[in-house]
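Q: structure_9.txt (compact mmCIF, C-alpha atoms and all ligand atoms) pasted underneath:
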```txt
# COMPACT_ATOMS: atom_id res chain seq x y z
CA MET D 1 108.77 94.65 72.37
CA SER D 2 106.74 93.52 69.40
CA ALA D 3 103.60 95.08 67.98
CA LEU D 4 101.15 93.22 65.80
CA PRO D 5 99.38 94.03 63.68
CA ALA D 6 100.69 97.45 62.64
CA LEU D 7 98.47 100.15 64.00
CA ALA D 8 96.14 101.51 61.39
CA GLU D 9 93.66 104.34 61.32
CA PRO D 10 90.44 103.15 62.90
CA ALA D 11 87.91 102.25 60.23
CA PRO D 12 84.51 103.81 60.89
CA SER D 13 83.01 100.91 62.83
CA ALA D 14 80.08 99.22 61.18
CA ILE D 15 76.87 98.90 63.15
CA VAL D 16 76.69 95.24 64.00
CA LYS D 17 74.21 92.68 65.30
CA PRO D 18 74.02 92.91 69.10
CA SER D 19 76.45 90.57 70.79
CA LEU D 20 75.46 88.19 73.56
CA ALA D 21 79.06 87.88 74.81
CA GLY D 22 79.45 89.72 78.10
CA LEU D 23 75.74 89.88 79.01
CA THR D 24 74.35 89.05 82.44
CA ARG D 25 72.01 86.08 82.92
CA ALA D 26 69.02 88.43 83.05
CA GLU D 27 70.10 90.12 79.81
CA LEU D 28 70.51 86.73 78.11
CA GLY D 29 66.99 85.85 79.25
CA ASP D 30 65.71 89.12 77.73
CA ALA D 31 67.46 88.37 74.43
CA LEU D 32 65.85 84.94 74.27
CA ARG D 33 62.47 86.38 75.19
CA ALA D 34 62.83 88.82 72.29
CA LEU D 35 63.22 85.82 69.98
CA GLY D 36 59.82 84.61 71.14
CA LEU D 37 60.94 81.69 73.32
CA PRO D 38 58.30 80.53 75.79
CA GLU D 39 58.77 81.81 79.34
CA ARG D 40 59.16 78.26 80.78
CA GLU D 41 62.21 77.57 78.59
CA LEU D 42 64.06 80.83 79.24
CA ARG D 43 66.08 79.81 82.31
CA MET D 44 67.25 76.54 80.85
CA ARG D 45 68.20 78.06 77.49
CA ALA D 46 69.96 80.98 79.16
CA SER D 47 71.99 78.48 81.23
CA GLN D 48 72.97 76.59 78.07
CA LEU D 49 74.07 79.78 76.39
CA TRP D 50 75.93 80.82 79.54
CA HIS D 51 77.93 77.61 79.54
CA TRP D 52 78.85 77.96 75.87
CA ILE D 53 79.77 81.61 76.10
CA TYR D 54 81.60 81.78 79.42
CA PHE D 55 82.84 78.28 80.13
CA ARG D 56 83.72 77.16 76.61
CA GLY D 57 84.39 80.54 75.05
CA ALA D 58 82.32 79.66 71.96
CA GLY D 59 82.97 81.85 68.94
CA GLY D 60 79.67 81.06 67.13
CA PHE D 61 76.18 79.68 67.72
CA PHE D 62 76.63 76.69 65.39
CA GLU D 63 79.11 75.12 67.86
CA MET D 64 76.35 74.86 70.45
CA LEU D 65 75.35 71.32 69.68
CA ASN D 66 72.96 70.78 72.57
CA ILE D 67 70.80 73.64 71.29
CA SER D 68 68.32 72.77 68.54
CA LYS D 69 69.31 73.66 64.99
CA GLY D 70 66.27 75.92 64.61
CA LEU D 71 67.15 77.97 67.66
CA ARG D 72 70.81 78.17 66.65
CA GLU D 73 69.72 79.61 63.30
CA GLN D 74 67.42 82.09 65.01
CA LEU D 75 70.19 83.14 67.38
CA ASP D 76 72.64 83.54 64.54
CA ALA D 77 70.21 85.66 62.53
CA ALA D 78 69.55 88.07 65.41
CA PHE D 79 72.75 88.15 67.44
CA SER D 80 76.51 87.69 67.37
CA LEU D 81 79.11 86.59 69.91
CA ALA D 82 81.48 89.39 68.93
CA LEU D 83 83.90 90.79 71.48
CA PRO D 84 85.64 94.17 71.44
CA GLU D 85 87.99 94.06 68.45
CA VAL D 86 91.75 93.92 69.08
CA ALA D 87 93.05 96.90 67.10
CA CYS D 88 96.60 96.44 68.34
CA GLU D 89 98.46 93.98 70.52
CA GLN D 90 101.84 94.85 72.01
CA VAL D 91 104.01 92.41 73.90
CA SER D 92 106.62 93.86 76.26
CA SER D 93 110.04 92.34 76.80
CA ASP D 94 108.83 91.33 80.30
CA GLY D 95 105.81 89.44 78.90
CA THR D 96 103.26 92.18 79.69
CA ARG D 97 100.69 92.52 76.92
CA LYS D 98 98.69 95.58 76.08
CA TRP D 99 95.63 95.39 73.89
CA LEU D 100 94.01 98.38 72.28
CA LEU D 101 90.35 97.39 71.99
CA ARG D 102 87.89 99.01 69.65
CA LEU D 103 84.34 98.92 70.96
CA ALA D 104 81.42 98.06 68.72
CA GLN D 105 79.27 100.96 67.66
CA THR D 106 75.74 100.21 68.76
CA THR D 107 73.99 103.26 67.33
CA ALA D 108 74.74 105.41 64.32
CA SER D 109 75.30 108.47 66.52
CA ALA D 110 77.62 106.77 69.03
CA LYS D 111 81.20 107.97 68.83
CA PRO D 112 83.70 105.19 68.10
CA ALA D 113 85.59 104.43 71.26
CA GLU D 114 88.76 102.60 72.22
CA ILE D 115 90.05 101.33 75.52
CA GLU D 116 93.17 99.64 76.74
CA CYS D 117 93.54 96.50 78.71
CA VAL D 118 96.81 95.13 80.11
CA TYR D 119 97.86 91.57 81.00
CA ILE D 120 100.62 91.13 83.57
CA PRO D 121 102.08 87.63 83.91
CA GLU D 122 103.87 86.60 87.11
CA SER D 123 105.21 83.24 88.13
CA ASP D 124 102.11 82.07 90.01
CA ARG D 125 99.34 84.22 88.55
CA GLY D 126 98.23 86.27 85.59
CA THR D 127 96.57 89.59 86.30
CA LEU D 128 94.36 91.40 83.84
CA CYS D 129 94.00 95.14 84.36
CA VAL D 130 90.64 96.21 82.94
CA SER D 131 89.07 99.58 82.17
CA SER D 132 85.69 100.70 83.48
CA GLN D 133 85.27 103.88 81.41
CA VAL D 134 86.60 105.35 78.20
CA GLY D 135 88.92 107.99 79.67
CA CYS D 136 88.24 109.46 83.11
CA THR D 137 86.60 112.66 84.34
CA LEU D 138 88.69 113.00 87.45
CA ASN D 139 91.95 114.65 86.36
CA CYS D 140 94.36 113.38 88.98
CA SER D 141 97.45 115.47 88.34
CA PHE D 142 99.87 112.52 87.95
CA CYS D 143 97.65 110.35 85.71
CA HIS D 144 97.63 110.49 81.96
CA THR D 145 94.22 108.87 81.54
CA GLY D 146 92.62 111.92 83.18
CA THR D 147 93.82 114.12 80.31
CA GLN D 148 91.83 112.24 77.68
CA LYS D 149 88.86 114.12 76.26
CA LEU D 150 86.28 111.51 75.28
CA VAL D 151 84.69 109.93 78.36
CA ARG D 152 81.84 107.48 78.65
CA ASN D 153 80.90 104.58 80.88
CA LEU D 154 81.54 101.08 79.59
CA THR D 155 78.63 98.67 79.50
CA THR D 156 78.70 95.46 81.54
CA ALA D 157 79.38 93.54 78.33
CA GLU D 158 82.29 95.79 77.39
CA ILE D 159 83.86 95.25 80.82
CA ALA D 160 83.37 91.47 80.89
CA GLY D 161 84.33 91.41 77.19
CA GLN D 162 87.87 92.52 78.06
CA VAL D 163 88.33 89.36 80.11
CA MET D 164 86.87 87.24 77.30
CA VAL D 165 89.26 88.79 74.77
CA ALA D 166 92.22 88.07 77.07
CA ARG D 167 91.11 84.48 77.63
CA ARG D 168 90.78 83.94 73.89
CA ARG D 169 94.13 85.55 73.04
CA LEU D 170 95.92 83.65 75.79
CA GLY D 171 94.43 80.26 74.89
CA ASP D 172 92.57 80.18 78.17
CA PHE D 173 89.38 78.46 76.97
CA PRO D 174 89.12 74.69 76.40
CA GLY D 175 90.62 73.64 73.07
CA LEU D 176 92.64 76.83 72.45
CA GLU D 177 96.45 76.99 72.25
CA ARG D 178 98.64 79.16 74.45
CA PRO D 179 100.63 81.81 72.53
CA THR D 180 104.33 81.03 72.23
CA ASP D 181 105.66 84.60 71.97
CA GLY D 182 105.81 85.45 75.65
CA LEU D 183 105.53 84.27 79.20
CA VAL D 184 102.03 82.99 79.97
CA PRO D 185 101.88 81.55 83.48
CA SER D 186 99.32 79.14 84.86
CA GLY D 187 97.52 80.63 87.83
CA GLU D 188 94.78 78.99 89.86
CA GLY D 189 93.20 76.08 87.98
CA GLY D 190 95.86 76.28 85.25
CA ARG D 191 94.46 79.60 84.05
CA ALA D 192 96.48 82.31 82.32
CA VAL D 193 94.07 84.95 83.67
CA SER D 194 93.63 84.25 87.37
CA ASN D 195 93.21 87.76 88.80
CA ILE D 196 91.39 90.91 87.71
CA VAL D 197 92.13 94.47 88.80
CA PHE D 198 89.95 97.45 87.86
CA MET D 199 92.99 99.68 87.48
CA GLY D 200 92.83 100.54 83.80
CA MET D 201 91.09 103.60 82.46
CA GLY D 202 88.28 105.20 84.40
CA GLU D 203 86.84 105.50 87.88
CA PRO D 204 84.95 102.25 88.55
CA LEU D 205 82.68 103.72 91.22
CA TYR D 206 81.39 106.31 88.75
CA ASN D 207 80.09 103.34 86.78
CA ILE D 208 79.23 101.21 89.76
CA ASP D 209 76.13 99.42 88.42
CA ASN D 210 77.88 98.09 85.33
CA VAL D 211 81.05 97.30 87.27
CA MET D 212 79.14 95.27 89.89
CA ALA D 213 77.17 93.43 87.19
CA ALA D 214 80.43 92.66 85.37
CA VAL D 215 82.06 91.37 88.58
CA ASP D 216 79.09 89.03 89.00
CA VAL D 217 79.51 87.78 85.42
CA LEU D 218 83.24 87.16 85.97
CA ALA D 219 82.76 85.43 89.32
CA ASP D 220 79.91 83.11 88.25
CA GLY D 221 81.05 79.56 89.03
CA ASP D 222 79.43 78.05 85.91
CA GLY D 223 81.36 80.36 83.60
CA LEU D 224 84.56 82.36 83.90
CA ALA D 225 84.68 81.46 87.61
CA ILE D 226 87.15 84.08 88.86
CA SER D 227 86.63 84.29 92.60
CA LYS D 228 85.70 87.70 94.03
CA ARG D 229 88.76 87.40 96.28
CA ARG D 230 90.79 87.63 93.09
CA ILE D 231 88.94 90.64 91.73
CA THR D 232 90.03 94.07 93.01
CA VAL D 233 88.17 97.30 92.36
CA SER D 234 90.38 100.38 92.74
CA THR D 235 88.84 103.77 93.49
CA SER D 236 90.26 107.23 93.81
CA GLY D 237 87.86 107.66 96.73
CA VAL D 238 84.17 107.89 95.86
CA ALA D 239 83.37 107.43 99.55
CA PRO D 240 79.55 107.20 99.40
CA GLN D 241 79.64 104.28 96.91
CA ILE D 242 82.13 102.15 98.83
CA GLU D 243 79.55 100.67 101.20
CA ARG D 244 77.32 99.64 98.27
CA LEU D 245 80.18 97.95 96.48
CA GLY D 246 80.90 95.85 99.56
CA ALA D 247 77.30 95.09 100.50
CA GLU D 248 75.91 94.31 97.04
CA CYS D 249 78.92 92.76 95.33
CA GLY D 250 81.90 92.16 97.65
CA PRO D 251 85.09 92.26 95.56
CA MET D 252 88.43 93.24 97.09
CA LEU D 253 88.88 96.98 97.49
CA ALA D 254 91.85 99.20 96.67
CA ILE D 255 92.06 102.91 97.49
CA SER D 256 94.27 105.31 95.57
CA LEU D 257 95.42 107.31 98.59
CA HIS D 258 98.72 108.89 97.45
CA ALA D 259 98.83 111.56 100.17
CA VAL D 260 98.34 111.76 103.93
CA ARG D 261 97.30 115.42 104.17
CA ASP D 262 94.16 116.89 102.64
CA SER D 263 96.04 119.93 101.28
CA LEU D 264 98.30 117.70 99.17
CA ARG D 265 95.65 115.13 98.30
CA ASP D 266 93.36 117.95 97.08
CA GLU D 267 96.07 118.71 94.53
CA LEU D 268 96.93 115.14 93.47
CA VAL D 269 93.43 113.65 93.55
CA PRO D 270 90.99 116.56 93.13
CA LEU D 271 88.06 114.36 94.20
CA ASN D 272 89.50 114.73 97.71
CA ARG D 273 87.89 118.17 97.93
CA LYS D 274 84.54 116.42 97.86
CA TYR D 275 85.43 113.37 99.95
CA PRO D 276 88.37 114.22 102.21
CA ILE D 277 90.70 111.68 103.78
CA ALA D 278 88.81 111.26 107.09
CA LYS D 279 85.55 110.53 105.26
CA LEU D 280 87.25 108.11 102.90
CA LEU D 281 88.93 106.21 105.71
CA GLN D 282 85.67 105.95 107.61
CA ALA D 283 84.10 104.33 104.51
CA CYS D 284 87.04 101.89 104.51
CA ARG D 285 86.58 101.03 108.18
CA ASP D 286 82.93 100.33 107.37
CA TYR D 287 83.63 98.31 104.19
CA PRO D 288 81.52 95.17 104.52
CA GLY D 289 83.69 92.08 104.58
CA ALA D 290 87.01 93.81 105.27
CA SER D 291 89.08 91.91 107.84
CA ASN D 292 92.69 91.02 108.52
CA ALA D 293 92.23 88.13 106.10
CA ARG D 294 90.64 90.43 103.50
CA ARG D 295 92.64 93.61 103.69
CA ILE D 296 92.03 96.80 101.80
CA THR D 297 94.95 97.79 99.57
CA PHE D 298 96.12 101.40 99.80
CA GLU D 299 97.92 102.51 96.68
CA TYR D 300 100.55 105.20 97.08
CA VAL D 301 102.35 106.57 94.04
CA MET D 302 105.89 107.69 94.84
CA LEU D 303 106.43 111.25 93.61
CA LYS D 304 109.87 112.74 94.10
CA GLY D 305 109.92 115.51 96.69
CA VAL D 306 106.11 115.61 96.82
CA ASN D 307 104.82 112.82 99.07
CA ASP D 308 107.87 110.64 99.73
CA SER D 309 109.45 111.94 102.96
CA THR D 310 110.00 109.85 106.09
CA ALA D 311 107.45 112.12 107.82
CA ASP D 312 104.92 111.14 105.14
CA ALA D 313 105.66 107.44 105.72
CA LYS D 314 105.16 107.80 109.48
CA ALA D 315 101.96 109.77 108.98
CA LEU D 316 100.69 107.07 106.63
CA VAL D 317 101.19 104.41 109.26
CA ARG D 318 99.38 106.54 111.86
CA LEU D 319 96.54 107.28 109.47
CA LEU D 320 95.84 103.63 108.70
CA LYS D 321 95.74 102.54 112.34
CA GLY D 322 92.69 100.36 112.88
CA VAL D 323 92.07 99.75 109.16
CA PRO D 324 92.80 96.23 107.89
CA ALA D 325 95.27 97.46 105.29
CA LYS D 326 98.01 96.51 102.86
CA ILE D 327 100.11 99.28 101.37
CA ASN D 328 101.17 99.16 97.76
CA LEU D 329 103.93 101.61 96.82
CA ILE D 330 103.84 102.42 93.11
CA PRO D 331 106.88 104.02 91.49
CA PHE D 332 105.53 106.91 89.43
CA ASN D 333 105.35 106.03 85.76
CA PRO D 334 106.23 109.05 83.67
CA TRP D 335 104.33 110.13 80.59
CA PRO D 336 105.09 112.88 78.09
CA GLY D 337 104.66 116.27 79.76
CA ALA D 338 104.03 114.87 83.25
CA PRO D 339 104.69 117.43 85.98
CA TYR D 340 106.34 114.88 88.35
CA GLU D 341 109.31 112.59 88.63
CA CYS D 342 109.56 109.20 90.26
CA SER D 343 111.17 109.11 93.73
CA ASP D 344 114.74 107.78 93.92
CA TRP D 345 115.08 104.12 94.65
CA GLU D 346 116.70 104.75 98.06
CA THR D 347 113.82 107.03 99.03
CA ILE D 348 111.29 104.37 98.06
CA GLU D 349 113.21 101.79 100.10
CA ARG D 350 113.38 104.05 103.12
CA PHE D 351 109.63 104.71 102.87
CA SER D 352 108.93 101.03 102.44
CA ASP D 353 111.06 100.11 105.51
CA ILE D 354 109.10 102.48 107.75
CA VAL D 355 105.82 101.00 106.56
CA PHE D 356 107.16 97.45 106.91
CA ASP D 357 108.51 98.07 110.42
CA ALA D 358 105.04 99.23 111.42
CA GLY D 359 103.76 95.75 110.55
CA TYR D 360 102.39 96.27 107.04
CA ALA D 361 103.28 94.24 104.04
CA SER D 362 104.53 96.97 101.71
CA PRO D 363 105.42 95.54 98.36
CA VAL D 364 106.78 98.03 95.87
CA ARG D 365 104.92 97.41 92.65
CA THR D 366 107.49 96.63 89.99
CA PRO D 367 106.65 98.73 86.98
CA ARG D 368 105.60 96.33 84.22
CA GLY D 369 105.40 96.89 80.53
CA ARG D 370 107.03 100.35 80.66
CA ASP D 371 108.50 99.78 77.19
CA ILE D 372 104.97 99.62 75.76
CA LEU D 373 103.54 102.35 78.05
CA ALA D 374 101.31 99.76 79.69
CA ALA D 375 102.16 100.73 83.26
CA CYS D 376 99.67 102.43 85.62
CA GLY D 377 98.60 105.86 84.45
CA GLN D 378 100.27 105.59 81.05
CA LEU D 379 97.32 104.15 79.18
CA LYS D 380 96.21 105.69 75.93
CA SER D 381 99.24 107.86 75.41
CA GLU D 382 101.43 105.74 73.15
CA THR D 383 98.56 104.55 71.00
CA GLU D 384 97.70 108.11 70.12
CA LYS D 385 101.31 108.80 69.21
CA LEU D 386 101.57 105.60 67.19
CA ARG D 387 98.46 106.48 65.30
CA ALA D 388 99.85 109.91 64.46
CA ARG D 389 103.02 108.19 63.26
CA ALA D 390 101.04 105.68 61.16
CA ARG D 391 99.12 108.57 59.62
CA LEU D 392 102.33 110.41 58.77
CA ALA D 393 103.82 107.27 57.26
CA ALA D 394 100.68 106.72 55.16
CA GLU D 395 100.84 110.28 53.91
N1 LIG D 401 90.50 105.40 88.72
C1 LIG D 401 90.84 104.37 89.62
C2 LIG D 401 91.40 103.15 88.95
C3 LIG D 401 92.35 103.34 87.80
S1 LIG D 401 93.92 104.08 88.14
C4 LIG D 401 91.79 104.87 90.67
O1 LIG D 401 92.30 105.98 90.53
O2 LIG D 401 91.98 104.16 91.63
C5 LIG D 401 94.88 102.71 88.78
C6 LIG D 401 96.03 103.13 89.72
O3 LIG D 401 97.12 103.70 88.97
C7 LIG D 401 95.61 104.18 90.73
O4 LIG D 401 96.11 103.90 92.00
C8 LIG D 401 96.26 105.40 90.15
O5 LIG D 401 96.39 106.38 91.13
C9 LIG D 401 97.56 104.86 89.63
N2 LIG D 401 98.24 105.74 88.69
C10 LIG D 401 97.69 106.62 87.84
N3 LIG D 401 98.66 107.26 87.12
C11 LIG D 401 99.83 106.76 87.52
C12 LIG D 401 101.19 106.97 87.12
N4 LIG D 401 101.50 107.84 86.17
N5 LIG D 401 102.18 106.26 87.74
C13 LIG D 401 101.84 105.35 88.69
N6 LIG D 401 100.58 105.09 89.08
C14 LIG D 401 99.59 105.78 88.52
FE1 LIG D 402 90.93 108.74 86.85
FE2 LIG D 402 92.14 106.98 88.47
FE3 LIG D 402 93.55 108.41 86.64
FE4 LIG D 402 92.52 109.64 88.78
S1 LIG D 402 94.10 108.03 88.79
S2 LIG D 402 92.44 110.39 86.65
S3 LIG D 402 90.59 108.52 89.06
S4 LIG D 402 91.99 106.88 86.22
```
Represent the supplied structure as structure tokens.

A:
Amino acid sequence: MSALPALAEPAPSAIVKPSLAGLTRAELGDALRALGLPERELRMRASQLWHWIYFRGAGGFFEMLNISKGLREQLDAAFSLALPEVACEQVSSDGTRKWLLRLAQTTASAKPAEIECVYIPESDRGTLCVSSQVGCTLNCSFCHTGTQKLVRNLTTAEIAGQVMVARRRLGDFPGLERPTDGLVPSGEGGRAVSNIVFMGMGEPLYNIDNVMAAVDVLADGDGLAISKRRITVSTSGVAPQIERLGAECGPMLAISLHAVRDSLRDELVPLNRKYPIAKLLQACRDYPGASNARRITFEYVMLKGVNDSTADAKALVRLLKGVPAKINLIPFNPWPGAPYECSDWETIERFSDIVFDAGYASPVRTPRGRDILAACGQLKSETEKLRARARLAAE
């Protein structure tokens, strides 16, 4: 593992010019309107900006040579193209990268916030795991993110900005170099970032408007062009919002199921008390666009002696009957003070065989980036420890 640069105390973020990077087309139009551009020019100018920001990954307005010098100057005086700042980058021995991103402070009273974002390279694809909130309000008992105090929704720009940061760091925009310190695969179209999963910090469906707008920014064919079939939104089960996600946006859906009985799921995923399993599965059956070719992924974290028996595996298969499903078994990733252990490997295999024999693909998710605490549910922990260590060292 390598960490660069050394983690420092966060400087009180300066209040900066608003950034246009990460905005929707409508928001770009509004920004141009605020500069006094005539209404008839707005669409065309917004499209030009869109191309420069999302297709070329421009770092400044003066690169935008097909925009008049006067307008470039006006844009530069009023706005920036800043992205969330990389406060720390860690590269795991398996090529996984974790970025600690510091968000710009937009008002004097806003609390400085940080999020984490993880890149997972595989031979044929590169997956970026993005956050939708700072922290999470939901307190699932096996997840470390839920224990974090500060929680707020990310803006559309902060969500899309994570993908822009990754593309810049990985040399994924025209004219940039690939880093040489780790495995960076070429996915679809030769891209390092080919897939997006909303499996970082936060519950995406508690921030559904900004998440859907960000998915539309990422999927836009004239810009970042990541197909919605390669974007997966994972939810712990906010049943009433699932229909909207499918009807208005249409990304792939993943459900953090983790238990087959309400009594146990109430404990692991407390949101289950509000939206129990039957209600959640009905929302899945009704998910617009779900089919055998576009299956819903059910995530199931393997907790030793808690949810990993053969009876649980059989019940899982029965439960998902009639739902176009894939099952993703996730070995539990421990964090300091966690009240669970990961199931034994033989137990996971036995569970996986039962699911497989019932006709489901049941890949066991290989834990990635464990040496940098970048695996599912570990986000935010190590950074806090590192910062405490950096503070001690400074003292
Ligand atoms: N809040 C959303 C998305 C983020 S969590 C959700 O819960 O779906 C992404 C996935 O990581 C979820 O399936 C979550 O249950 C799982 N997860 C959380 N903590 C984990 C841990 N310690 N080990 C393994 N998986 C974990
Ligand atoms: Fe929040 Fe998901 Fe963690 Fe539950 S598993 S606390 S919903 S981030």

Q: May I ask for the distance between atom CA of D:Ala58 and atom CA of D:Ser92, given in Å to one decimal place?

A: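 Separating atom CA of D:Ala58 from atom CA of D:Ser92 is a distance of 28.5 Å.
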
Q: Kindly indicate which residue among D:Pro84, D:Pro331, D:Gly337, D:Gly369 lies nearest to ligand LIG 401 (chain D), using only C-alpha atoms and all ligand atoms for the distances.

A: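 For ligand LIG 401 (chain D), the nearest of the candidates is D:Pro331.
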
Q: For D:Leu280, list every protein, DNA or RNA residue within 12 Å, evaluated using all atoms listed in the file, and leave out those in the same chain fewer than 3 positions away; present the list as a ChimeraX atom specification.

A: /D:235-243,254-257,260,262,265,271-277,283-287,298,319-320,323

Q: Write out as a list in words the residues lying within 10 Å of D:Glu116, counting all atoms listed in the file and excluding same-chain residues fewer than 5 positions away.

A: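 Those residues are Val86, Cys88, Glu89, Lys98, Trp99, Leu100, Leu101, Arg102, Cys129, Val130, Ser131, Val134, Gly135, Gln162, Gly200, Met201, Ala374, Leu379, Lys380 and Thr383 of chain D.
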
Q: Would you name the residues within 7 Å of ligand LIG 401 (chain D), counting only C-alpha atoms and all ligand atoms, and put them as a ChimeraX atom specification?

A: /D:142-144,198-204,234-236,255-256,299-301,330-335,376-378

Q: Residues near D:Ala358, anyone? I mean within 8 Å using all atoms listed in the file, not counting same-chain ones fewer than 3 positions away, as a list of chain:residue names.

A: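 Final neighbour list, sorted by chain and number: D:Val317, D:Ile354, D:Val355.
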
Q: Would you give the centre and edge lengths, in Å to one decimal, of a box along x, y and z around the listed atoms of ligand LIG 402 (chain D), with 5 Å added to each side, as lines of an AutoDock Vina configuration file?

A:
```
center_x = 92.3
center_y = 108.6
center_z = 87.6
size_x = 13.5
size_y = 13.5
size_z = 12.8
```

Q: Taking 6 positions as the minimum chain separation for residues in the same chain, which residues sit within 6 Å of stretch 124-127 of chain D when counting all atoms listed in the file? Answer as a list in words.

A: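 In the requested format, the answer is Gly187, Ala192, Val193, Ser194, Asn195 and Ile196 of chain D.
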
Q: List as an MDAnalysis selection string the protein and nucleic acid residues near stretch 208-213 of chain D, meaning an atom at most 8 Å away when all atoms listed in the file are counted, but skip any in the same chain fewer than 2 places from it.

A: chainID D and resid 24 132 154:156 159 204:206 215:217 241 245 248:249

Q: Counting all atoms listed in the file, which residues sit no farther than 12 Å from the position (86.4, 113.4, 74.8) in the file's frame? I'd like them as a list of chain:residue names.

A: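 Protein, DNA and RNA residues close to (86.4, 113.4, 74.8): D:Lys111, D:Pro112, D:Ala113, D:Glu114, D:Gln133, D:Val134, D:Gly135, D:Cys136, D:Thr137, D:Thr145, D:Gly146, D:Thr147, D:Gln148, D:Lys149, D:Leu150, D:Val151, D:Arg152.
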
Q: Pick the closest to D:Phe351 from D:Lys304, D:Arg365, D:Lys314, D:His258: which is it, counting all atoms listed in the file?

A: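 Counting all atoms listed in the file, the residue closest to D:Phe351 is D:Lys314.
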
Q: Could you tell me how far atom CA of D:Leu264 lies from atom CA of D:Val306, in Å and to one decimal?

A: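 Between atom CA of D:Leu264 and atom CA of D:Val306 the gap works out to 8.4 Å.
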
Q: D:Phe61, D:Gly289, D:Ile120, D:Glu267: which is nearest ligand LIG 402 (chain D), counting only C-alpha atoms and all ligand atoms?

A: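 Closest to ligand LIG 402 (chain D) of all the choices is D:Glu267.
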